[in-house]
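One structure is given below, encoded as C-alpha cells.
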Amino acid sequence: MLKSKAKWNFNNEDSETTKWMGDSPDLSPVIKELLVQRGINTLESATEFLSPKIENLLMPENLSDMDTASTRVHKAIEQEEKILVFGDYDADGVSSTTLLMSALKELGADCDFYIPNRFTEGYGPNEKAFTYANEQGYQLIITVDCGIASVKEAALANELGLDLIITDHHEPQNELPQALAIIHPKCSPEYQFKELAGVGIAFKFAQCLLGYFPDHLLDLVAIGTIADLVPLVSENRILSFYGLQKLTSTTRPGIEALKNQCKIEGNVSEEDVGFRIGPRLNAVGRLQDARLAVELLMTEDQEEAEQLAEIVQGLNQKRQKIVNDIVIEAEALVNEKEENFGITIVAKEGWNEGVLGIVASKLVRKYDRPAIVLAINSDKGTAKGSARSIQAFDLFQNCMKVRDYFTHFGGHSQAAGMTLPIENVSLLQQKLSEMINEQLTKEDFKQEITISKTLSLQEINEELVNEVSQLAPFGMANPKPTFHINQFPSNVRQIGSMHNHLKIQFRQDAQQVDGIGFGLGEFFPFILEKNKLSVVGEIGINEWNGNRKAQILIQDLQIEEHQLFDHRGKKQIDIMPFIENTDSWVTIGENLENRLKQVPINLNQLSYNSNETLLEPANTLFLFDLPENTDELSRVIQLIKPVNIHACFYIEDSQYLKSFPTRTDFKNFYALIIKRGYFDIKKDLFSLMKGHDWTEERIRFMLNVFFELEFVTIEGGLAKPNTSPLKRDLQESRLYQQRIERSKIEKTLYYSNYDDLTQWLKRLTEDVDIPKEELTYGL
C-alpha cells in the first residue's frame, strides 16, 4: 500500500441534478462530462464555450464612468495636456501600462508612464509620485491595475488640481477614492462580468477611446490576463483565446524578442505565458524598477528589443538564483526548529522582499502547511514579507483575528503580504499554529487534486487529447482536466541523470499507454507489476522521431492494496527508501548489521518472541528471520497489522533442500547398529555414506534422533544401542519435529513463488484460519 501525496477529490456530478441536455453527436461522452463539470450542459452553451466569439464580449460603455473618462482623455488630447499613466510592477501592471500607452499614442496624446518602485514606494499610487507628476506639468493621471484603495492619494490629486481616472480590478474597500472617474467592473452595476484583469479593463478603456475594436492590442491582454491568474471564463476566456493567437503571430519587436529568449516556437499556449513570459516580466519588478519591462513591450526597434529582452532574461536568471538561495536558507531554518509548528514562519535579514511570495509557495509545497517568509530590517525593527496558505486554511480571515500583531496587512484566503514588529514574529507563529491545530485534521494538510474522470486505457488516445485541447486556454475556474487510471503497471523505470523521474507503461489488451512522473522517482521501489497502480495526471502527446502517442503526465500515485515486497535470497538489502516513505516500521531479525546496506539510526531489532508491548501496530514489517513455526509469524502479523510486508529471508543452510531420511533409512541404520553392537562415527562414517549413498549430515541427524529417543548412547565417538530402549515413535523426537517444521517453513516462506506467498500472508493479515494441510504442504 502506498499513500498518495495529495488528497484526491473526484469530480462526481449528480446525474439527477446536472446532466447533458439534448443530442450532440459531435461531442464525445468524455467532453460532455467535462463541460457539465463547468456548468455547460447544452449544445448552444457548449458551442459558445468551445468556439469563443469576439461579438460575445460586453460593451465597454456599460462600465460606469466610461463616458466621463473617455471625454476627459479626448479633451486632454485636444488641449495638448500632459497625461501620465500610473501602473504596477507585475505582468498585469506592465502589460496594462503598455496597452493604454499604445492607445494614447495612437490618438496623438502627450503621455508618459510611471511605475512605482516595489522597494522604495510599494504598491499603488503614493503622494510623492503624485506631487512629482504635478511638478512635471501633468494634468491628468490614469491608473491601471491599481488605485481603488488610494483614498488619500486621490484627495491629494484634487488639492493639486490634477484630474484622476482610476482603472482597477482589485477589491473595492469601504471607502472609494474621490476621483474624476472610476472604471471598475465591481463598481459597475450594469456590467455583468466582474472578473476582468487590470489589462482587460485597460483594453475596454482603449476600445472606447479609439472608437473601434483594437485587436492589435490583444497580445498584451493575453499576457496580463493569464499571468494575473484571474478566472479564465466568459470575457477573460474570449480575450485570452484570441490574445494567444495574436501572441503567436505578433510583430511587436519586444514580444518577439521575449519569445526568442523563452524559446517559444509555433502556437503560444497559456502555459507559455504563465510559466515563461509572465515570470520574466515579473522578475524585472521583483529585482528593480519595472520601467524596463514596459520599455521592452513598447519598443518598435528590433535591436533595442533584443538588448532589453536579454537584460530581462538575465534578471529572471538572477531572480531564480536568489529564490533558490533563499529557499535553501529557509529550509535550513525550518529544520533547525525542534518544535513542529502548524505553520512555517522563517525570517532573516538581507532577504529580497520581491521574491518572498515565490519562496513561501515553495515551502508550502515542500512542507504541506501554510508558510510566511519575512525579510528582517533590524534598523526599523520590522519584518516584512509574504505568506501563502493551503486550501483548508483561510490565511486572511485567521490573520485578521490577530490584526493588532501587524503594522500593515492585506491579502486573501491563500496569499497575503504583511509588515510587523520583529518581536511579534514568534507570537504570530504560536497563535496561528494554535488556530491551525484547532481547525484542521492531519488530512487537511495534504495538497488537493481535483480529478475530472477515471479513464480506461482504451479511452486515452490522440483524439481525446485533441478534444480536451478545445477546452483551452486553461487557468483559474477552467483548470486543465486531471484524469485517473487504475491499471497494472509494466516496465517501470527510473529515468533522468539523477534517477528522479518515473516512466511507467500500462497495458490492457492491445492498448499501451506510457506514464511520465517528473520528480516521482523516489516511488520506484514501491511499484510492483503484481499490484494495481492508481495514477492521476494530465493527458498529452509525446512526439518522438515523428511518432505521436498519447501519454499521461503523472502528478500523483497510490497503491490501495496490501503489498508484499520480495527480497528473498538477497544477502544485503537496502530498506532506507522504504522507511523514508512510511509512517512506522518494525524489523524482525537479529544481527541485521550485515544484512543491511545502510543501517538506520533508529533500528530496533525485534524477534518473534518479543513482548507484545514492543510489537505495536506499524505500517511496514520487515521479516529477516524465518519463524520457528507459523504460529509465531501469525502472532507477529496480528499484533503489528502491517499493510506492507517485506520478505527479507536468506538461507545459507537449507533444511528443505536436504534429503530427509525416510522411515526405512532410520530402520536400516538402527538395525546396523544393533547387529554390530556399535557404530564408530569416525571410522565407519565414510563407508556408510558410500554404501547407502547417504550424506554425512543425514547420518549425523539420524544418530542425534536415536540419541534423543534414547535408542543409543554416544560416548567417545561410539554409538552403542541401548540394551532396553522404550518403544517410541520417531514423531516423539523434538529434532525430528523441528526438521519437519523447518522444512515446511522454508517451503512455504522461502521457496514458494510470489503469488503463493502473497496469498498465504494475505490470509494471516485478514485473520483467517489457515487449513492444516496448507501449513504442511504449502499452496
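Labeling convention for the C-alpha cells: chains A, B, ... as they appear, residues from 1 per chain, ligands from 1 in order of appearance.
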| task | Would you list the contacts of A:Met576 as number ranges by chain, taking every protein, DNA or RNA residue within 8 Å and counting only C-alpha atoms, but skipping same-chain residues closer than 3 positions in sequence? | result | A: 579-580, 598, 600
| request: Could you find all residues in stretch 573-726 of chain A that DSSP calls helix (DSSP H, G or I) from the backbone, and write them as an NGL selection string? | output: :A and (576-579 or 592-594 or 630-640 or 663-676 or 681-692 or 696-708)
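You can rank A:Leu140, A:Val199, A:Val492, A:Ala91 by their closest distance to A:Asp168 using only C-alpha atoms, and at the top of that list sits A:Val199.
Counting only C-alpha atoms, the residue from A:Glu652, A:Glu708, A:Glu235, A:Asp566 that sits nearest to A:Asn753 is A:Asp566.
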| DSSP-assigned strand (DSSP E) members of stretch 113-359 of chain A, reported as an MDAnalysis selection string | chainID A and resid 113:114 138:144 163:167 181:183 344:349
| query | Using only C-alpha atoms, which residues sit within 9 Å of A:Gly278 once same-chain residues fewer than 2 positions away are excluded, as a PyMOL selection string? | reply | chain A and resi 90-92+223-224+226-228+272-276+280-283
Please, could you write that set of residues out with C-alpha atoms as a tab-separated table (two decimals), in the first residue's frame?
```
chain	number	residue	atom	x	y	z
A	90	ASP	CA	3.78	42.93	-12.13
A	91	ALA	CA	2.99	41.38	-15.53
A	92	ASP	CA	-0.62	42.59	-15.43
A	223	ILE	CA	-0.17	38.32	-21.14
A	224	GLY	CA	-1.73	40.27	-18.28
A	226	ILE	CA	-3.19	34.82	-17.91
A	227	ALA	CA	-0.25	35.92	-15.74
A	228	ASP	CA	-2.55	37.52	-13.14
A	272	ASP	CA	3.97	29.64	-22.31
A	273	VAL	CA	2.54	32.83	-20.85
A	274	GLY	CA	2.11	31.51	-17.31
A	275	PHE	CA	5.47	29.79	-16.97
A	276	ARG	CA	7.77	31.65	-19.37
A	280	ARG	CA	10.25	37.06	-16.89
A	281	LEU	CA	8.19	40.24	-16.90
A	282	ASN	CA	7.53	39.83	-13.18
A	283	ALA	CA	11.25	39.34	-12.49
```
| field | Residue neighbourhood A:Glu593, 10 Å, only C-alpha atoms, exclusion window fewer than 3 positions, as a list in words | value |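 These residues fall inside the cut-off: Gln572, Glu590, Leu596, Lys597, Gln598, Val599, Pro600, Leu603 and Gln605 of chain A.
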Residues just named, written with C-alpha atoms as a CSV table (one decimal), in the first residue's frame:
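Dumped everything to part.csv:
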```
chain,number,residue,atom,x,y,z
A,572,GLN,CA,22.1,-7.4,1.6
A,590,GLU,CA,18.9,-10.4,14.8
A,596,LEU,CA,21.6,-4.0,5.6
A,597,LYS,CA,23.3,-1.8,3.0
A,598,GLN,CA,22.7,1.1,5.3
A,599,VAL,CA,21.8,0.8,9.0
A,600,PRO,CA,19.0,3.2,10.1
A,603,LEU,CA,16.9,0.4,14.1
A,605,GLN,CA,15.8,-5.5,16.1
```
| Leaving out A:Glu434 and any residue of its chain fewer than 5 positions from it, which residues lie within 9 Å of it when counting only C-alpha atoms, given as an MDAnalysis selection string? | chainID A and resid 341:342 429 439
Please produce an output containing N, CA, C and O atoms for each residue in the selection, written as a PDB file, in the first residue's frame.
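Resulting contents of selection.pdb:
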```
ATOM      1  N   PHE A 341       5.651  23.268  14.285  1.00  0.00           N
ATOM      2  CA  PHE A 341       4.533  24.197  14.279  1.00  0.00           C
ATOM      3  C   PHE A 341       3.556  23.867  13.146  1.00  0.00           C
ATOM      4  O   PHE A 341       3.926  23.252  12.149  1.00  0.00           O
ATOM      5  N   GLY A 342       2.309  24.333  13.308  1.00  0.00           N
ATOM      6  CA  GLY A 342       1.309  24.121  12.271  1.00  0.00           C
ATOM      7  C   GLY A 342       1.514  25.012  11.073  1.00  0.00           C
ATOM      8  O   GLY A 342       0.942  24.777  10.010  1.00  0.00           O
ATOM      9  N   GLN A 429       3.577  33.110  15.068  1.00  0.00           N
ATOM     10  CA  GLN A 429       3.711  31.673  14.786  1.00  0.00           C
ATOM     11  C   GLN A 429       2.960  30.835  15.818  1.00  0.00           C
ATOM     12  O   GLN A 429       2.268  29.882  15.472  1.00  0.00           O
ATOM     13  N   GLN A 439      -8.415  23.914  14.028  1.00  0.00           N
ATOM     14  CA  GLN A 439      -9.328  23.883  12.883  1.00  0.00           C
ATOM     15  C   GLN A 439      -9.105  22.712  11.923  1.00  0.00           C
ATOM     16  O   GLN A 439     -10.041  22.281  11.252  1.00  0.00           O
TER      17      GLN A 439
END
```
| query | atom CA of A:Ala293 and atom CA of A:Asn316 are how many Å apart? | reply |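 Atom-to-atom, atom CA of A:Ala293 to atom CA of A:Asn316, that is 11.7 Å.
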| request: Extract, using only C-alpha atoms, all DNA, RNA and protein residues at most 12 Å from A:Glu304, discarding same-chain residues fewer than 2 positions from it, and format them as a ChimeraX atom specification. | output: /A:253-258,292,295-302,306-311
Just write the chosen residues, N, CA, C and O atoms, as an mmCIF file, in the first residue's frame.
```
data_model
loop_
_atom_site.group_PDB
_atom_site.id
_atom_site.type_symbol
_atom_site.label_atom_id
_atom_site.label_comp_id
_atom_site.auth_asym_id
_atom_site.auth_seq_id
_atom_site.Cartn_x
_atom_site.Cartn_y
_atom_site.Cartn_z
ATOM 1 N N PRO A 253 8.149 43.935 -31.698
ATOM 2 C CA PRO A 253 9.557 43.531 -31.532
ATOM 3 C C PRO A 253 9.885 43.037 -30.126
ATOM 4 O O PRO A 253 10.625 42.058 -29.969
ATOM 5 N N GLY A 254 9.347 43.711 -29.121
ATOM 6 C CA GLY A 254 9.656 43.323 -27.747
ATOM 7 C C GLY A 254 9.154 41.927 -27.415
ATOM 8 O O GLY A 254 9.852 41.135 -26.770
ATOM 9 N N ILE A 255 7.936 41.623 -27.847
ATOM 10 C CA ILE A 255 7.378 40.297 -27.564
ATOM 11 C C ILE A 255 8.091 39.233 -28.390
ATOM 12 O O ILE A 255 8.348 38.125 -27.913
ATOM 13 N N GLU A 256 8.434 39.562 -29.644
ATOM 14 C CA GLU A 256 9.191 38.614 -30.461
ATOM 15 C C GLU A 256 10.520 38.272 -29.801
ATOM 16 O O GLU A 256 10.920 37.104 -29.734
ATOM 17 N N ALA A 257 11.208 39.289 -29.301
ATOM 18 C CA ALA A 257 12.498 39.066 -28.638
ATOM 19 C C ALA A 257 12.318 38.258 -27.354
ATOM 20 O O ALA A 257 13.141 37.394 -27.030
ATOM 21 N N LEU A 258 11.245 38.537 -26.648
ATOM 22 C CA LEU A 258 10.968 37.809 -25.403
ATOM 23 C C LEU A 258 10.639 36.348 -25.708
ATOM 24 O O LEU A 258 11.087 35.430 -24.996
ATOM 25 N N LEU A 292 11.695 49.055 -17.133
ATOM 26 C CA LEU A 292 12.378 48.321 -18.192
ATOM 27 C C LEU A 292 11.424 47.362 -18.916
ATOM 28 O O LEU A 292 11.492 47.199 -20.138
ATOM 29 N N GLU A 295 9.242 49.299 -21.303
ATOM 30 C CA GLU A 295 10.038 49.734 -22.456
ATOM 31 C C GLU A 295 10.247 48.579 -23.431
ATOM 32 O O GLU A 295 10.222 48.776 -24.655
ATOM 33 N N LEU A 296 10.444 47.358 -22.899
ATOM 34 C CA LEU A 296 10.594 46.198 -23.771
ATOM 35 C C LEU A 296 9.323 45.963 -24.580
ATOM 36 O O LEU A 296 9.381 45.729 -25.796
ATOM 37 N N LEU A 297 8.166 46.022 -23.934
ATOM 38 C CA LEU A 297 6.903 45.760 -24.629
ATOM 39 C C LEU A 297 6.549 46.875 -25.609
ATOM 40 O O LEU A 297 5.857 46.632 -26.610
ATOM 41 N N MET A 298 7.027 48.090 -25.352
ATOM 42 C CA MET A 298 6.638 49.238 -26.178
ATOM 43 C C MET A 298 7.579 49.504 -27.347
ATOM 44 O O MET A 298 7.173 50.108 -28.334
ATOM 45 N N THR A 299 8.812 49.044 -27.246
ATOM 46 C CA THR A 299 9.793 49.437 -28.259
ATOM 47 C C THR A 299 9.387 48.958 -29.654
ATOM 48 O O THR A 299 8.787 47.889 -29.822
ATOM 49 N N GLU A 300 9.718 49.765 -30.647
ATOM 50 C CA GLU A 300 9.461 49.411 -32.039
ATOM 51 C C GLU A 300 10.761 49.121 -32.782
ATOM 52 O O GLU A 300 10.751 48.858 -33.982
ATOM 53 N N ASP A 301 11.867 49.158 -32.038
ATOM 54 C CA ASP A 301 13.180 48.922 -32.621
ATOM 55 C C ASP A 301 13.637 47.500 -32.297
ATOM 56 O O ASP A 301 13.732 47.129 -31.121
ATOM 57 N N GLN A 302 13.932 46.713 -33.329
ATOM 58 C CA GLN A 302 14.273 45.309 -33.131
ATOM 59 C C GLN A 302 15.563 45.131 -32.332
ATOM 60 O O GLN A 302 15.653 44.273 -31.444
ATOM 61 N N GLU A 306 15.912 43.306 -28.645
ATOM 62 C CA GLU A 306 16.774 42.167 -28.332
ATOM 63 C C GLU A 306 17.672 42.465 -27.129
ATOM 64 O O GLU A 306 17.904 41.595 -26.284
ATOM 65 N N GLN A 307 18.158 43.710 -27.058
ATOM 66 C CA GLN A 307 19.007 44.088 -25.923
ATOM 67 C C GLN A 307 18.206 44.069 -24.616
ATOM 68 O O GLN A 307 18.668 43.541 -23.595
ATOM 69 N N LEU A 308 16.997 44.633 -24.661
ATOM 70 C CA LEU A 308 16.168 44.679 -23.458
ATOM 71 C C LEU A 308 15.732 43.266 -23.047
ATOM 72 O O LEU A 308 15.705 42.934 -21.854
ATOM 73 N N ALA A 309 15.382 42.435 -24.033
ATOM 74 C CA ALA A 309 14.965 41.067 -23.724
ATOM 75 C C ALA A 309 16.102 40.284 -23.079
ATOM 76 O O ALA A 309 15.878 39.452 -22.188
ATOM 77 N N GLU A 310 17.324 40.561 -23.517
ATOM 78 C CA GLU A 310 18.478 39.885 -22.921
ATOM 79 C C GLU A 310 18.669 40.320 -21.470
ATOM 80 O O GLU A 310 19.004 39.510 -20.603
ATOM 81 N N ILE A 311 18.434 41.612 -21.216
ATOM 82 C CA ILE A 311 18.533 42.101 -19.832
ATOM 83 C C ILE A 311 17.450 41.448 -18.966
ATOM 84 O O ILE A 311 17.709 41.016 -17.836
#
```
At most 10 Å is the cut-off: for each residue in stretch 453-509 of chain A with any atom that close to an atom of stretch 36-45 of chain A, write down the nearest atom pair and the distance in Å rounded to one decimal, counting only C-alpha atoms, chain first then increasing number, as JSON lines.
```
{"residue": "A:Ala477", "atom": "CA", "partner": "A:Arg38", "partner_atom": "CA", "distance": 8.3}
{"residue": "A:Asn478", "atom": "CA", "partner": "A:Arg38", "partner_atom": "CA", "distance": 7.4}
{"residue": "A:Pro479", "atom": "CA", "partner": "A:Arg38", "partner_atom": "CA", "distance": 9.6}
```
Next, dump the selected residues to file, keeping only N, CA and C atoms, as a compact mmCIF listing (two decimals), in the first residue's frame.
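As a result, out-v7.txt now contains:
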```txt
# COMPACT_ATOMS: atom_id res chain seq x y z
N ALA A 477 -10.67 28.70 -12.66
CA ALA A 477 -12.08 28.44 -12.97
C ALA A 477 -12.26 27.61 -14.24
N ASN A 478 -11.18 27.34 -14.95
CA ASN A 478 -11.23 26.42 -16.10
C ASN A 478 -9.94 25.61 -16.09
N PRO A 479 -9.77 24.76 -15.06
CA PRO A 479 -8.50 24.03 -14.93
C PRO A 479 -8.34 22.97 -16.01
```
Give one line per residue of stretch 1-49 of chain A that approaches stretch 519-533 of chain A to at most 12 Å, naming the two atoms of the closest pair and their distance in Å to one decimal, counting only C-alpha atoms; sort by chain then ascending residue number and deliver it as a Markdown table.
```
| residue | atom | partner | partner_atom | distance |
| --- | --- | --- | --- | --- |
| A:Met1 | CA | A:Phe526 | CA | 8.3 |
| A:Leu2 | CA | A:Phe526 | CA | 7.2 |
| A:Lys3 | CA | A:Phe526 | CA | 10.5 |
| A:Ser4 | CA | A:Phe523 | CA | 10.4 |
| A:Lys5 | CA | A:Leu520 | CA | 10.4 |
```
